[in-house]
Amino acid sequence: MTDTHPPSACDPVTIGLVSVSDRASGGVYPDQGIPALQDWLARALRNPVTWVTRLIPDEQDGISATLRELVDAAHCDLVLTTGGTGPAPRDVTPEATLAVAHKEMPGFGEQMRQISLRFVPTAILSRQVAVIRGKTLIINLPGQPKAIAETLQGLPEASPPAHGIFAAVPYCIDLIGGPYLETDEALCKAFRPKSALRPTRP
């Protein structure tokens with residue numbers, strides 16, 4: 001468990017992190033996806049977090065099985081994947097994610113591509129999806145650490161600024177019955193309607 005704030009201050013949350021890569025899972029090179037995800041989330045969230053991590057190859061059935069395990073057995077509130085979202089034959093993370101979905105949340109993928117298009121025209125080749133399974137939100141993220149941070153945090157200094165996808169994650173998790181996520185507003189301000197806000201904690 002990683003806990004950077006007093007345990008009583010915020011709801012505990014369990015987060016699954018999945019890096020999908022044939023070569024990293026085979027030991028050809030070190031995985032960069034999980035460390036990048038964990039670093040950003042640990043700074044963005046005020047909640048005490050239990051991390052559940054998986055480094056797996058690009059196999060559709062294996063990815064789907066991992067996602068089902070993280071949701072159904074490990075009871076993760078949020079699952080983030082990285083890798084395997086391009087057009088290459090071995091890129092099957094979106095298909096594996098949709099296979100376990102109860103609901104699709106297309107706005108997340110749309111916004112990630114909009115952010116990435118600020119930098120590279122090949123962002124239109126990215127196929128990230130987001131879905132809900134039970135009371136868990138599952139989001140496919142890009143494979144590169146820099147792109148992971150940009151899509152989560154957004155581009156607040158850009159002209160015009162671009163909202164990051166994580167600003168919508170806490171309220172989404174509220175709506176599906178998960179814990180109340182609180183963020184460090186200096187990094188990422190969660191958006192909720194006024195009626196959904198809890199009193200500010202110290």
# chains A, B, ... in the order shown; residues from 1 in each chain; ligands from 1
$ select_by_dssp --residues "stretch 88-170 of chain A" --states "alpha helix (DSSP H)" --output "list in words"
Thr93, Pro94, Glu95, Ala96, Thr97, Leu98, Pro106, Gly107, Phe108, Gly109, Glu110, Gln111, Met112, Arg113, Gln114, Ile115, Ser116, Pro145, Lys146, Ala147, Ile148, Ala149, Glu150, Thr151, Leu152, Gln153, Val169 and Pro170 of chain A
$ residues_around --residues "stretch 23-33 of chain A" --least-positions-apart "4" --cutoff "9 Å" --atoms "only C-alpha atoms" --output "list in words"
Leu17, Val18, Ser19, Leu37, Gln38, Leu55, Ile56, Pro57, Thr81, Thr82, Gly83, Pro142, Gly143, Gln144, Pro145 and Ile148 of chain A
$ residues_around --residues "stretch 157-174 of chain A" --least-positions-apart "5" --cutoff "8 Å" --atoms "only C-alpha atoms" --output "ChimeraX atom specification"
/A:77-78,108,111-112,115,135-137,150-152,179-182,188-192
$ atom_distance --atom1 "atom CA of A:Gln153" --atom2 "atom CA of A:Arg90"
28.1 Å
$ closest_atom_pairs --of "stretch 87-199 of chain A" --to "stretch 62-71 of chain A" --cutoff "7 Å" --atoms "only C-alpha atoms" --output "CSV"
residue,atom,partner,partner_atom,distance
A:Thr93,CA,A:Ile63,CA,6.9
A:Ala96,CA,A:Ser64,CA,4.8
A:Thr97,CA,A:Ser64,CA,6.2
A:Ala99,CA,A:Ser64,CA,6.8
A:Val100,CA,A:Ser64,CA,6.4
A:Thr136,CA,A:Val71,CA,6.5
$ write_last_selection --atoms "all heavy atoms" --output "mmCIF file, in the first residue's frame"
data_model
loop_
_atom_site.group_PDB
_atom_site.id
_atom_site.type_symbol
_atom_site.label_atom_id
_atom_site.label_comp_id
_atom_site.auth_asym_id
_atom_site.auth_seq_id
_atom_site.Cartn_x
_atom_site.Cartn_y
_atom_site.Cartn_z
ATOM 1 N N THR A 93 -5.195 -4.540 -27.143
ATOM 2 C CA THR A 93 -5.722 -4.112 -25.847
ATOM 3 C C THR A 93 -7.157 -3.587 -25.941
ATOM 4 O O THR A 93 -7.992 -3.928 -25.089
ATOM 5 C CB THR A 93 -4.797 -3.070 -25.201
ATOM 6 O OG1 THR A 93 -3.489 -3.633 -25.045
ATOM 7 C CG2 THR A 93 -5.310 -2.651 -23.834
ATOM 8 N N ALA A 96 -9.554 -6.527 -26.234
ATOM 9 C CA ALA A 96 -9.605 -7.273 -24.969
ATOM 10 C C ALA A 96 -10.403 -6.512 -23.918
ATOM 11 O O ALA A 96 -11.104 -7.116 -23.095
ATOM 12 C CB ALA A 96 -8.191 -7.540 -24.468
ATOM 13 N N THR A 97 -10.307 -5.200 -23.928
ATOM 14 C CA THR A 97 -11.031 -4.366 -22.962
ATOM 15 C C THR A 97 -12.523 -4.361 -23.262
ATOM 16 O O THR A 97 -13.360 -4.527 -22.368
ATOM 17 C CB THR A 97 -10.469 -2.934 -22.979
ATOM 18 O OG1 THR A 97 -9.059 -2.968 -22.688
ATOM 19 C CG2 THR A 97 -11.165 -2.059 -21.952
ATOM 20 N N ALA A 99 -14.155 -6.595 -24.666
ATOM 21 C CA ALA A 99 -14.709 -7.934 -24.436
ATOM 22 C C ALA A 99 -15.190 -8.137 -23.006
ATOM 23 O O ALA A 99 -16.005 -9.021 -22.747
ATOM 24 C CB ALA A 99 -13.665 -8.998 -24.795
ATOM 25 N N VAL A 100 -14.683 -7.337 -22.061
ATOM 26 C CA VAL A 100 -15.091 -7.494 -20.659
ATOM 27 C C VAL A 100 -16.036 -6.387 -20.208
ATOM 28 O O VAL A 100 -16.406 -6.303 -19.039
ATOM 29 C CB VAL A 100 -13.859 -7.541 -19.712
ATOM 30 C CG1 VAL A 100 -12.890 -8.622 -20.157
ATOM 31 C CG2 VAL A 100 -13.149 -6.193 -19.629
ATOM 32 N N THR A 136 -16.309 -0.750 -11.660
ATOM 33 C CA THR A 136 -14.921 -0.407 -11.964
ATOM 34 C C THR A 136 -14.821 0.303 -13.298
ATOM 35 O O THR A 136 -15.441 -0.115 -14.280
ATOM 36 C CB THR A 136 -14.048 -1.677 -12.009
ATOM 37 O OG1 THR A 136 -14.167 -2.376 -10.773
ATOM 38 C CG2 THR A 136 -12.584 -1.324 -12.236
#
$ atom_distance --atom1 "atom CA of A:Lys194" --atom2 "atom CA of A:Gly177"
17.8 Å
$ atom_distance --atom1 "atom CA of A:Ile139" --atom2 "atom CA of A:Pro94"
9.4 Å
$ closest_residue --among "A:Val20, A:Met105, A:Leu117, A:Leu125" --to "A:Val92" --atoms "only C-alpha atoms"
A:Val20
$ residues_around --residues "A:Gly134" --least-positions-apart "6" --cutoff "9 Å" --atoms "only C-alpha atoms" --output "number ranges by chain"
A: 71-72, 101-103, 176
$ select_by_dssp --residues "chain A" --states "strand (DSSP E or B)" --output "mmCIF file with all heavy atoms, in the first residue's frame"
data_model
loop_
_atom_site.group_PDB
_atom_site.id
_atom_site.type_symbol
_atom_site.label_atom_id
_atom_site.label_comp_id
_atom_site.auth_asym_id
_atom_site.auth_seq_id
_atom_site.Cartn_x
_atom_site.Cartn_y
_atom_site.Cartn_z
ATOM 1 N N THR A 2 0.500 2.230 -0.812
ATOM 2 C CA THR A 2 1.176 3.513 -0.826
ATOM 3 C C THR A 2 0.255 4.533 -0.196
ATOM 4 O O THR A 2 -0.872 4.718 -0.662
ATOM 5 C CB THR A 2 1.522 3.936 -2.259
ATOM 6 O OG1 THR A 2 2.410 2.966 -2.809
ATOM 7 C CG2 THR A 2 2.206 5.285 -2.264
ATOM 8 N N VAL A 13 -8.564 3.487 -1.858
ATOM 9 C CA VAL A 13 -8.885 3.100 -3.229
ATOM 10 C C VAL A 13 -7.910 2.016 -3.682
ATOM 11 O O VAL A 13 -6.729 2.031 -3.307
ATOM 12 C CB VAL A 13 -8.832 4.329 -4.171
ATOM 13 C CG1 VAL A 13 -7.463 4.995 -4.148
ATOM 14 C CG2 VAL A 13 -9.211 3.949 -5.598
ATOM 15 N N THR A 14 -8.414 1.078 -4.457
ATOM 16 C CA THR A 14 -7.576 0.041 -5.040
ATOM 17 C C THR A 14 -7.485 0.281 -6.539
ATOM 18 O O THR A 14 -8.519 0.372 -7.218
ATOM 19 C CB THR A 14 -8.145 -1.363 -4.767
ATOM 20 O OG1 THR A 14 -8.240 -1.560 -3.354
ATOM 21 C CG2 THR A 14 -7.249 -2.445 -5.362
ATOM 22 N N ILE A 15 -6.265 0.398 -7.036
ATOM 23 C CA ILE A 15 -6.045 0.722 -8.447
ATOM 24 C C ILE A 15 -5.218 -0.378 -9.104
ATOM 25 O O ILE A 15 -4.144 -0.740 -8.618
ATOM 26 C CB ILE A 15 -5.334 2.083 -8.603
ATOM 27 C CG1 ILE A 15 -6.206 3.202 -8.017
ATOM 28 C CG2 ILE A 15 -5.009 2.357 -10.066
ATOM 29 C CD1 ILE A 15 -5.571 4.580 -8.092
ATOM 30 N N GLY A 16 -5.724 -0.887 -10.208
ATOM 31 C CA GLY A 16 -4.993 -1.863 -10.998
ATOM 32 C C GLY A 16 -4.246 -1.175 -12.129
ATOM 33 O O GLY A 16 -4.805 -0.327 -12.821
ATOM 34 N N LEU A 17 -2.977 -1.528 -12.300
ATOM 35 C CA LEU A 17 -2.141 -0.987 -13.372
ATOM 36 C C LEU A 17 -1.653 -2.149 -14.229
ATOM 37 O O LEU A 17 -1.012 -3.077 -13.718
ATOM 38 C CB LEU A 17 -0.950 -0.219 -12.794
ATOM 39 C CG LEU A 17 -1.273 0.915 -11.817
ATOM 40 C CD1 LEU A 17 0.011 1.532 -11.283
ATOM 41 C CD2 LEU A 17 -2.143 1.983 -12.488
ATOM 42 N N VAL A 18 -1.932 -2.098 -15.518
ATOM 43 C CA VAL A 18 -1.587 -3.185 -16.428
ATOM 44 C C VAL A 18 -0.732 -2.641 -17.563
ATOM 45 O O VAL A 18 -1.173 -1.744 -18.294
ATOM 46 C CB VAL A 18 -2.847 -3.850 -17.012
ATOM 47 C CG1 VAL A 18 -2.452 -5.023 -17.916
ATOM 48 C CG2 VAL A 18 -3.796 -4.304 -15.906
ATOM 49 N N SER A 19 0.470 -3.165 -17.707
ATOM 50 C CA SER A 19 1.321 -2.818 -18.842
ATOM 51 C C SER A 19 1.314 -3.988 -19.818
ATOM 52 O O SER A 19 1.644 -5.116 -19.444
ATOM 53 C CB SER A 19 2.745 -2.506 -18.388
ATOM 54 O OG SER A 19 3.526 -2.051 -19.474
ATOM 55 N N VAL A 20 0.924 -3.700 -21.047
ATOM 56 C CA VAL A 20 0.796 -4.736 -22.074
ATOM 57 C C VAL A 20 1.960 -4.592 -23.053
ATOM 58 O O VAL A 20 2.028 -3.618 -23.813
ATOM 59 C CB VAL A 20 -0.548 -4.613 -22.808
ATOM 60 C CG1 VAL A 20 -0.667 -5.710 -23.866
ATOM 61 C CG2 VAL A 20 -1.718 -4.670 -21.831
ATOM 62 N N LEU A 45 -3.374 11.869 -6.482
ATOM 63 C CA LEU A 45 -4.425 11.449 -5.554
ATOM 64 C C LEU A 45 -4.050 11.709 -4.104
ATOM 65 O O LEU A 45 -2.906 11.480 -3.694
ATOM 66 C CB LEU A 45 -4.716 9.958 -5.732
ATOM 67 C CG LEU A 45 -5.508 9.572 -6.985
ATOM 68 C CD1 LEU A 45 -5.524 8.061 -7.142
ATOM 69 C CD2 LEU A 45 -6.938 10.111 -6.914
ATOM 70 N N VAL A 49 -3.727 4.523 -1.435
ATOM 71 C CA VAL A 49 -3.897 3.641 -2.596
ATOM 72 C C VAL A 49 -3.269 2.280 -2.351
ATOM 73 O O VAL A 49 -2.128 2.175 -1.897
ATOM 74 C CB VAL A 49 -3.268 4.267 -3.860
ATOM 75 C CG1 VAL A 49 -3.465 3.329 -5.058
ATOM 76 C CG2 VAL A 49 -3.873 5.637 -4.151
ATOM 77 N N THR A 50 -4.006 1.232 -2.685
ATOM 78 C CA THR A 50 -3.451 -0.110 -2.804
ATOM 79 C C THR A 50 -3.263 -0.373 -4.290
ATOM 80 O O THR A 50 -4.221 -0.276 -5.075
ATOM 81 C CB THR A 50 -4.404 -1.168 -2.210
ATOM 82 O OG1 THR A 50 -4.554 -0.912 -0.811
ATOM 83 C CG2 THR A 50 -3.832 -2.574 -2.399
ATOM 84 N N TRP A 51 -2.031 -0.683 -4.675
ATOM 85 C CA TRP A 51 -1.704 -0.906 -6.086
ATOM 86 C C TRP A 51 -1.724 -2.402 -6.388
ATOM 87 O O TRP A 51 -1.187 -3.201 -5.626
ATOM 88 C CB TRP A 51 -0.315 -0.364 -6.419
ATOM 89 C CG TRP A 51 -0.086 1.064 -6.030
ATOM 90 C CD1 TRP A 51 0.578 1.527 -4.944
ATOM 91 C CD2 TRP A 51 -0.511 2.231 -6.738
ATOM 92 N NE1 TRP A 51 0.589 2.899 -4.919
ATOM 93 C CE2 TRP A 51 -0.070 3.355 -6.012
ATOM 94 C CE3 TRP A 51 -1.232 2.425 -7.921
ATOM 95 C CZ2 TRP A 51 -0.309 4.656 -6.429
ATOM 96 C CZ3 TRP A 51 -1.473 3.735 -8.345
ATOM 97 C CH2 TRP A 51 -1.022 4.830 -7.601
ATOM 98 N N VAL A 52 -2.305 -2.750 -7.517
ATOM 99 C CA VAL A 52 -2.262 -4.124 -8.015
ATOM 100 C C VAL A 52 -1.707 -4.038 -9.441
ATOM 101 O O VAL A 52 -2.355 -3.464 -10.316
ATOM 102 C CB VAL A 52 -3.646 -4.790 -8.013
ATOM 103 C CG1 VAL A 52 -3.519 -6.258 -8.411
ATOM 104 C CG2 VAL A 52 -4.313 -4.660 -6.655
ATOM 105 N N THR A 53 -0.510 -4.557 -9.678
ATOM 106 C CA THR A 53 0.154 -4.369 -10.963
ATOM 107 C C THR A 53 0.311 -5.682 -11.716
ATOM 108 O O THR A 53 0.515 -6.742 -11.110
ATOM 109 C CB THR A 53 1.532 -3.712 -10.784
ATOM 110 O OG1 THR A 53 2.376 -4.567 -10.012
ATOM 111 C CG2 THR A 53 1.405 -2.368 -10.057
ATOM 112 N N ARG A 54 0.233 -5.586 -13.034
ATOM 113 C CA ARG A 54 0.408 -6.743 -13.905
ATOM 114 C C ARG A 54 1.195 -6.327 -15.150
ATOM 115 O O ARG A 54 0.839 -5.333 -15.796
ATOM 116 C CB ARG A 54 -0.948 -7.323 -14.347
ATOM 117 C CG ARG A 54 -1.844 -7.824 -13.213
ATOM 118 C CD ARG A 54 -1.322 -9.113 -12.613
ATOM 119 N NE ARG A 54 -2.250 -9.636 -11.611
ATOM 120 C CZ ARG A 54 -2.191 -9.356 -10.314
ATOM 121 N NH1 ARG A 54 -1.250 -8.533 -9.856
ATOM 122 N NH2 ARG A 54 -3.059 -9.896 -9.463
ATOM 123 N N LEU A 55 2.223 -7.079 -15.486
ATOM 124 C CA LEU A 55 2.996 -6.885 -16.710
ATOM 125 C C LEU A 55 2.785 -8.123 -17.573
ATOM 126 O O LEU A 55 3.198 -9.228 -17.196
ATOM 127 C CB LEU A 55 4.482 -6.700 -16.373
ATOM 128 C CG LEU A 55 5.466 -6.585 -17.544
ATOM 129 C CD1 LEU A 55 5.096 -5.436 -18.466
ATOM 130 C CD2 LEU A 55 6.896 -6.417 -17.011
ATOM 131 N N ILE A 56 2.113 -7.956 -18.706
ATOM 132 C CA ILE A 56 1.661 -9.106 -19.483
ATOM 133 C C ILE A 56 1.940 -8.906 -20.973
ATOM 134 O O ILE A 56 2.082 -7.780 -21.451
ATOM 135 C CB ILE A 56 0.151 -9.357 -19.265
ATOM 136 C CG1 ILE A 56 -0.676 -8.126 -19.670
ATOM 137 C CG2 ILE A 56 -0.124 -9.728 -17.808
ATOM 138 C CD1 ILE A 56 -2.179 -8.335 -19.581
ATOM 139 N N LEU A 78 -10.465 1.248 -9.990
ATOM 140 C CA LEU A 78 -10.008 1.854 -11.237
ATOM 141 C C LEU A 78 -8.906 0.964 -11.794
ATOM 142 O O LEU A 78 -8.043 0.503 -11.044
ATOM 143 C CB LEU A 78 -9.458 3.264 -10.968
ATOM 144 C CG LEU A 78 -8.751 3.994 -12.103
ATOM 145 C CD1 LEU A 78 -9.744 4.334 -13.220
ATOM 146 C CD2 LEU A 78 -8.087 5.280 -11.584
ATOM 147 N N VAL A 79 -8.953 0.702 -13.092
ATOM 148 C CA VAL A 79 -7.898 -0.069 -13.756
ATOM 149 C C VAL A 79 -7.416 0.746 -14.952
ATOM 150 O O VAL A 79 -8.216 1.178 -15.785
ATOM 151 C CB VAL A 79 -8.393 -1.449 -14.234
ATOM 152 C CG1 VAL A 79 -7.301 -2.165 -15.023
ATOM 153 C CG2 VAL A 79 -8.840 -2.301 -13.052
ATOM 154 N N LEU A 80 -6.118 0.963 -15.018
ATOM 155 C CA LEU A 80 -5.512 1.681 -16.138
ATOM 156 C C LEU A 80 -4.554 0.746 -16.857
ATOM 157 O O LEU A 80 -3.717 0.092 -16.228
ATOM 158 C CB LEU A 80 -4.764 2.915 -15.644
ATOM 159 C CG LEU A 80 -5.596 3.953 -14.884
ATOM 160 C CD1 LEU A 80 -4.705 5.082 -14.383
ATOM 161 C CD2 LEU A 80 -6.705 4.509 -15.760
ATOM 162 N N THR A 81 -4.670 0.700 -18.181
ATOM 163 C CA THR A 81 -3.738 -0.093 -18.971
ATOM 164 C C THR A 81 -2.872 0.834 -19.799
ATOM 165 O O THR A 81 -3.258 1.968 -20.107
ATOM 166 C CB THR A 81 -4.475 -1.067 -19.921
ATOM 167 O OG1 THR A 81 -5.005 -0.339 -21.043
ATOM 168 C CG2 THR A 81 -5.592 -1.810 -19.205
ATOM 169 N N THR A 82 -1.708 0.344 -20.194
ATOM 170 C CA THR A 82 -0.839 1.083 -21.092
ATOM 171 C C THR A 82 -0.251 0.113 -22.094
ATOM 172 O O THR A 82 0.150 -0.996 -21.739
ATOM 173 C CB THR A 82 0.269 1.837 -20.325
ATOM 174 O OG1 THR A 82 1.157 2.474 -21.256
ATOM 175 C CG2 THR A 82 1.071 0.920 -19.431
ATOM 176 N N LYS A 103 -20.366 -1.435 -20.061
ATOM 177 C CA LYS A 103 -20.699 -0.167 -20.727
ATOM 178 C C LYS A 103 -19.427 0.415 -21.327
ATOM 179 O O LYS A 103 -18.354 0.302 -20.740
ATOM 180 C CB LYS A 103 -21.275 0.860 -19.737
ATOM 181 C CG LYS A 103 -22.629 0.512 -19.165
ATOM 182 C CD LYS A 103 -23.105 1.609 -18.214
ATOM 183 C CE LYS A 103 -24.469 1.262 -17.633
ATOM 184 N NZ LYS A 103 -24.921 2.303 -16.670
ATOM 185 N N GLU A 104 -19.569 1.053 -22.479
ATOM 186 C CA GLU A 104 -18.441 1.750 -23.089
ATOM 187 C C GLU A 104 -18.536 3.239 -22.770
ATOM 188 O O GLU A 104 -19.639 3.801 -22.715
ATOM 189 C CB GLU A 104 -18.425 1.532 -24.597
ATOM 190 C CG GLU A 104 -17.167 2.056 -25.279
ATOM 191 C CD GLU A 104 -17.098 1.722 -26.764
ATOM 192 O OE1 GLU A 104 -17.984 1.001 -27.250
ATOM 193 O OE2 GLU A 104 -16.150 2.191 -27.422
ATOM 194 N N ALA A 130 -12.328 3.246 -23.160
ATOM 195 C CA ALA A 130 -12.610 3.179 -21.724
ATOM 196 C C ALA A 130 -13.958 2.499 -21.556
ATOM 197 O O ALA A 130 -14.873 2.697 -22.368
ATOM 198 C CB ALA A 130 -12.627 4.568 -21.098
ATOM 199 N N VAL A 131 -14.056 1.693 -20.499
ATOM 200 C CA VAL A 131 -15.289 0.933 -20.271
ATOM 201 C C VAL A 131 -15.566 0.846 -18.773
ATOM 202 O O VAL A 131 -14.693 1.103 -17.944
ATOM 203 C CB VAL A 131 -15.207 -0.500 -20.848
ATOM 204 C CG1 VAL A 131 -14.843 -0.479 -22.333
ATOM 205 C CG2 VAL A 131 -14.210 -1.368 -20.073
ATOM 206 N N ILE A 132 -16.784 0.450 -18.474
ATOM 207 C CA ILE A 132 -17.163 0.128 -17.097
ATOM 208 C C ILE A 132 -17.472 -1.359 -17.026
ATOM 209 O O ILE A 132 -18.174 -1.904 -17.883
ATOM 210 C CB ILE A 132 -18.383 0.953 -16.663
ATOM 211 C CG1 ILE A 132 -18.000 2.432 -16.534
ATOM 212 C CG2 ILE A 132 -18.948 0.439 -15.329
ATOM 213 C CD1 ILE A 132 -19.186 3.353 -16.383
ATOM 214 N N ARG A 133 -16.897 -2.006 -16.035
ATOM 215 C CA ARG A 133 -17.264 -3.381 -15.707
ATOM 216 C C ARG A 133 -17.683 -3.387 -14.243
ATOM 217 O O ARG A 133 -16.872 -3.091 -13.353
ATOM 218 C CB ARG A 133 -16.098 -4.337 -15.943
ATOM 219 C CG ARG A 133 -16.434 -5.800 -15.574
ATOM 220 C CD ARG A 133 -15.266 -6.735 -15.852
ATOM 221 N NE ARG A 133 -15.535 -8.085 -15.383
ATOM 222 C CZ ARG A 133 -16.187 -9.023 -16.079
ATOM 223 N NH1 ARG A 133 -16.617 -8.751 -17.311
ATOM 224 N NH2 ARG A 133 -16.385 -10.225 -15.581
ATOM 225 N N THR A 136 -16.309 -0.750 -11.660
ATOM 226 C CA THR A 136 -14.921 -0.407 -11.964
ATOM 227 C C THR A 136 -14.821 0.303 -13.298
ATOM 228 O O THR A 136 -15.441 -0.115 -14.280
ATOM 229 C CB THR A 136 -14.048 -1.677 -12.009
ATOM 230 O OG1 THR A 136 -14.167 -2.376 -10.773
ATOM 231 C CG2 THR A 136 -12.584 -1.324 -12.236
ATOM 232 N N LEU A 137 -14.040 1.369 -13.328
ATOM 233 C CA LEU A 137 -13.723 2.071 -14.570
ATOM 234 C C LEU A 137 -12.385 1.545 -15.094
ATOM 235 O O LEU A 137 -11.402 1.486 -14.347
ATOM 236 C CB LEU A 137 -13.636 3.575 -14.308
ATOM 237 C CG LEU A 137 -13.212 4.459 -15.484
ATOM 238 C CD1 LEU A 137 -14.226 4.387 -16.624
ATOM 239 C CD2 LEU A 137 -13.028 5.909 -15.008
ATOM 240 N N ILE A 138 -12.363 1.145 -16.351
ATOM 241 C CA ILE A 138 -11.147 0.644 -17.008
ATOM 242 C C ILE A 138 -10.818 1.589 -18.156
ATOM 243 O O ILE A 138 -11.671 1.856 -19.010
ATOM 244 C CB ILE A 138 -11.339 -0.780 -17.556
ATOM 245 C CG1 ILE A 138 -11.798 -1.738 -16.461
ATOM 246 C CG2 ILE A 138 -10.053 -1.281 -18.212
ATOM 247 C CD1 ILE A 138 -12.190 -3.117 -16.990
ATOM 248 N N ILE A 139 -9.585 2.092 -18.192
ATOM 249 C CA ILE A 139 -9.175 3.034 -19.233
ATOM 250 C C ILE A 139 -7.878 2.549 -19.873
ATOM 251 O O ILE A 139 -6.905 2.252 -19.183
ATOM 252 C CB ILE A 139 -8.957 4.449 -18.679
ATOM 253 C CG1 ILE A 139 -10.183 4.945 -17.908
ATOM 254 C CG2 ILE A 139 -8.618 5.419 -19.812
ATOM 255 C CD1 ILE A 139 -9.961 6.293 -17.220
ATOM 256 N N ASN A 140 -7.852 2.508 -21.214
ATOM 257 C CA ASN A 140 -6.612 2.266 -21.951
ATOM 258 C C ASN A 140 -5.875 3.588 -22.127
ATOM 259 O O ASN A 140 -6.467 4.555 -22.618
ATOM 260 C CB ASN A 140 -6.889 1.715 -23.355
ATOM 261 C CG ASN A 140 -7.643 0.412 -23.384
ATOM 262 O OD1 ASN A 140 -8.282 0.108 -24.385
ATOM 263 N ND2 ASN A 140 -7.587 -0.389 -22.322
ATOM 264 N N LEU A 141 -4.604 3.623 -21.781
ATOM 265 C CA LEU A 141 -3.790 4.821 -21.933
ATOM 266 C C LEU A 141 -2.697 4.591 -22.979
ATOM 267 O O LEU A 141 -2.404 3.444 -23.341
ATOM 268 C CB LEU A 141 -3.159 5.201 -20.591
ATOM 269 C CG LEU A 141 -4.142 5.723 -19.548
ATOM 270 C CD1 LEU A 141 -3.493 5.753 -18.177
ATOM 271 C CD2 LEU A 141 -4.639 7.107 -19.917
ATOM 272 N N GLY A 154 -3.743 16.677 -18.873
ATOM 273 C CA GLY A 154 -4.159 17.696 -19.822
ATOM 274 C C GLY A 154 -3.059 18.699 -20.092
ATOM 275 O O GLY A 154 -1.907 18.517 -19.684
ATOM 276 N N LEU A 155 -3.434 19.767 -20.782
ATOM 277 C CA LEU A 155 -2.471 20.802 -21.172
ATOM 278 C C LEU A 155 -2.998 22.155 -20.695
ATOM 279 O O LEU A 155 -3.494 22.970 -21.476
ATOM 280 C CB LEU A 155 -2.294 20.801 -22.696
ATOM 281 C CG LEU A 155 -1.926 19.449 -23.331
ATOM 282 C CD1 LEU A 155 -2.022 19.528 -24.844
ATOM 283 C CD2 LEU A 155 -0.545 19.008 -22.886
ATOM 284 N N ALA A 162 -6.267 22.276 -22.798
ATOM 285 C CA ALA A 162 -6.989 21.021 -23.044
ATOM 286 C C ALA A 162 -7.183 20.302 -21.718
ATOM 287 O O ALA A 162 -6.233 20.135 -20.946
ATOM 288 C CB ALA A 162 -6.206 20.138 -24.010
ATOM 289 N N HIS A 163 -8.411 19.887 -21.446
ATOM 290 C CA HIS A 163 -8.708 19.167 -20.211
ATOM 291 C C HIS A 163 -8.106 17.766 -20.269
ATOM 292 O O HIS A 163 -8.228 17.064 -21.265
ATOM 293 C CB HIS A 163 -10.217 19.044 -19.992
ATOM 294 C CG HIS A 163 -10.894 20.343 -19.714
ATOM 295 N ND1 HIS A 163 -10.675 21.068 -18.559
ATOM 296 C CD2 HIS A 163 -11.777 21.066 -20.451
ATOM 297 C CE1 HIS A 163 -11.404 22.172 -18.585
ATOM 298 N NE2 HIS A 163 -12.074 22.195 -19.719
ATOM 299 N N THR A 183 -8.223 14.780 -5.227
ATOM 300 C CA THR A 183 -6.984 15.029 -5.959
ATOM 301 C C THR A 183 -6.230 16.232 -5.404
ATOM 302 O O THR A 183 -6.795 17.090 -4.723
ATOM 303 C CB THR A 183 -7.278 15.286 -7.447
ATOM 304 O OG1 THR A 183 -8.115 16.452 -7.573
ATOM 305 C CG2 THR A 183 -7.965 14.086 -8.091
#
$ closest_residue --among "A:Thr122, A:Asn47, A:Gln60, A:Ser195" --to "A:Cys10" --atoms "only C-alpha atoms"
A:Asn47
$ decode --residues "stretch 125-136 of chain A" --atoms "N, CA and C atoms" --output "CSV table (one decimal), in the first residue's frame"
chain,number,residue,atom,x,y,z
A,125,LEU,N,-4.1,7.3,-35.0
A,125,LEU,CA,-3.9,5.9,-35.1
A,125,LEU,C,-4.1,5.2,-33.8
A,126,SER,N,-4.2,6.0,-32.7
A,126,SER,CA,-4.4,5.4,-31.4
A,126,SER,C,-5.9,5.0,-31.2
A,127,ARG,N,-6.1,3.8,-30.5
A,127,ARG,CA,-7.4,3.2,-30.4
A,127,ARG,C,-7.8,3.1,-29.0
A,128,GLN,N,-7.3,3.9,-28.1
A,128,GLN,CA,-7.7,3.7,-26.7
A,128,GLN,C,-9.2,3.8,-26.5
A,129,VAL,N,-9.7,2.9,-25.6
A,129,VAL,CA,-11.1,2.9,-25.2
A,129,VAL,C,-11.1,2.9,-23.7
A,130,ALA,N,-12.3,3.2,-23.2
A,130,ALA,CA,-12.6,3.2,-21.7
A,130,ALA,C,-14.0,2.5,-21.6
A,131,VAL,N,-14.1,1.7,-20.5
A,131,VAL,CA,-15.3,0.9,-20.3
A,131,VAL,C,-15.6,0.8,-18.8
A,132,ILE,N,-16.8,0.4,-18.5
A,132,ILE,CA,-17.2,0.1,-17.1
A,132,ILE,C,-17.5,-1.4,-17.0
A,133,ARG,N,-16.9,-2.0,-16.0
A,133,ARG,CA,-17.3,-3.4,-15.7
A,133,ARG,C,-17.7,-3.4,-14.2
A,134,GLY,N,-18.9,-3.7,-14.0
A,134,GLY,CA,-19.4,-3.7,-12.6
A,134,GLY,C,-19.3,-2.3,-12.0
A,135,LYS,N,-18.6,-2.1,-10.9
A,135,LYS,CA,-18.3,-0.8,-10.3
A,135,LYS,C,-16.9,-0.3,-10.5
A,136,THR,N,-16.3,-0.8,-11.7
A,136,THR,CA,-14.9,-0.4,-12.0
A,136,THR,C,-14.8,0.3,-13.3
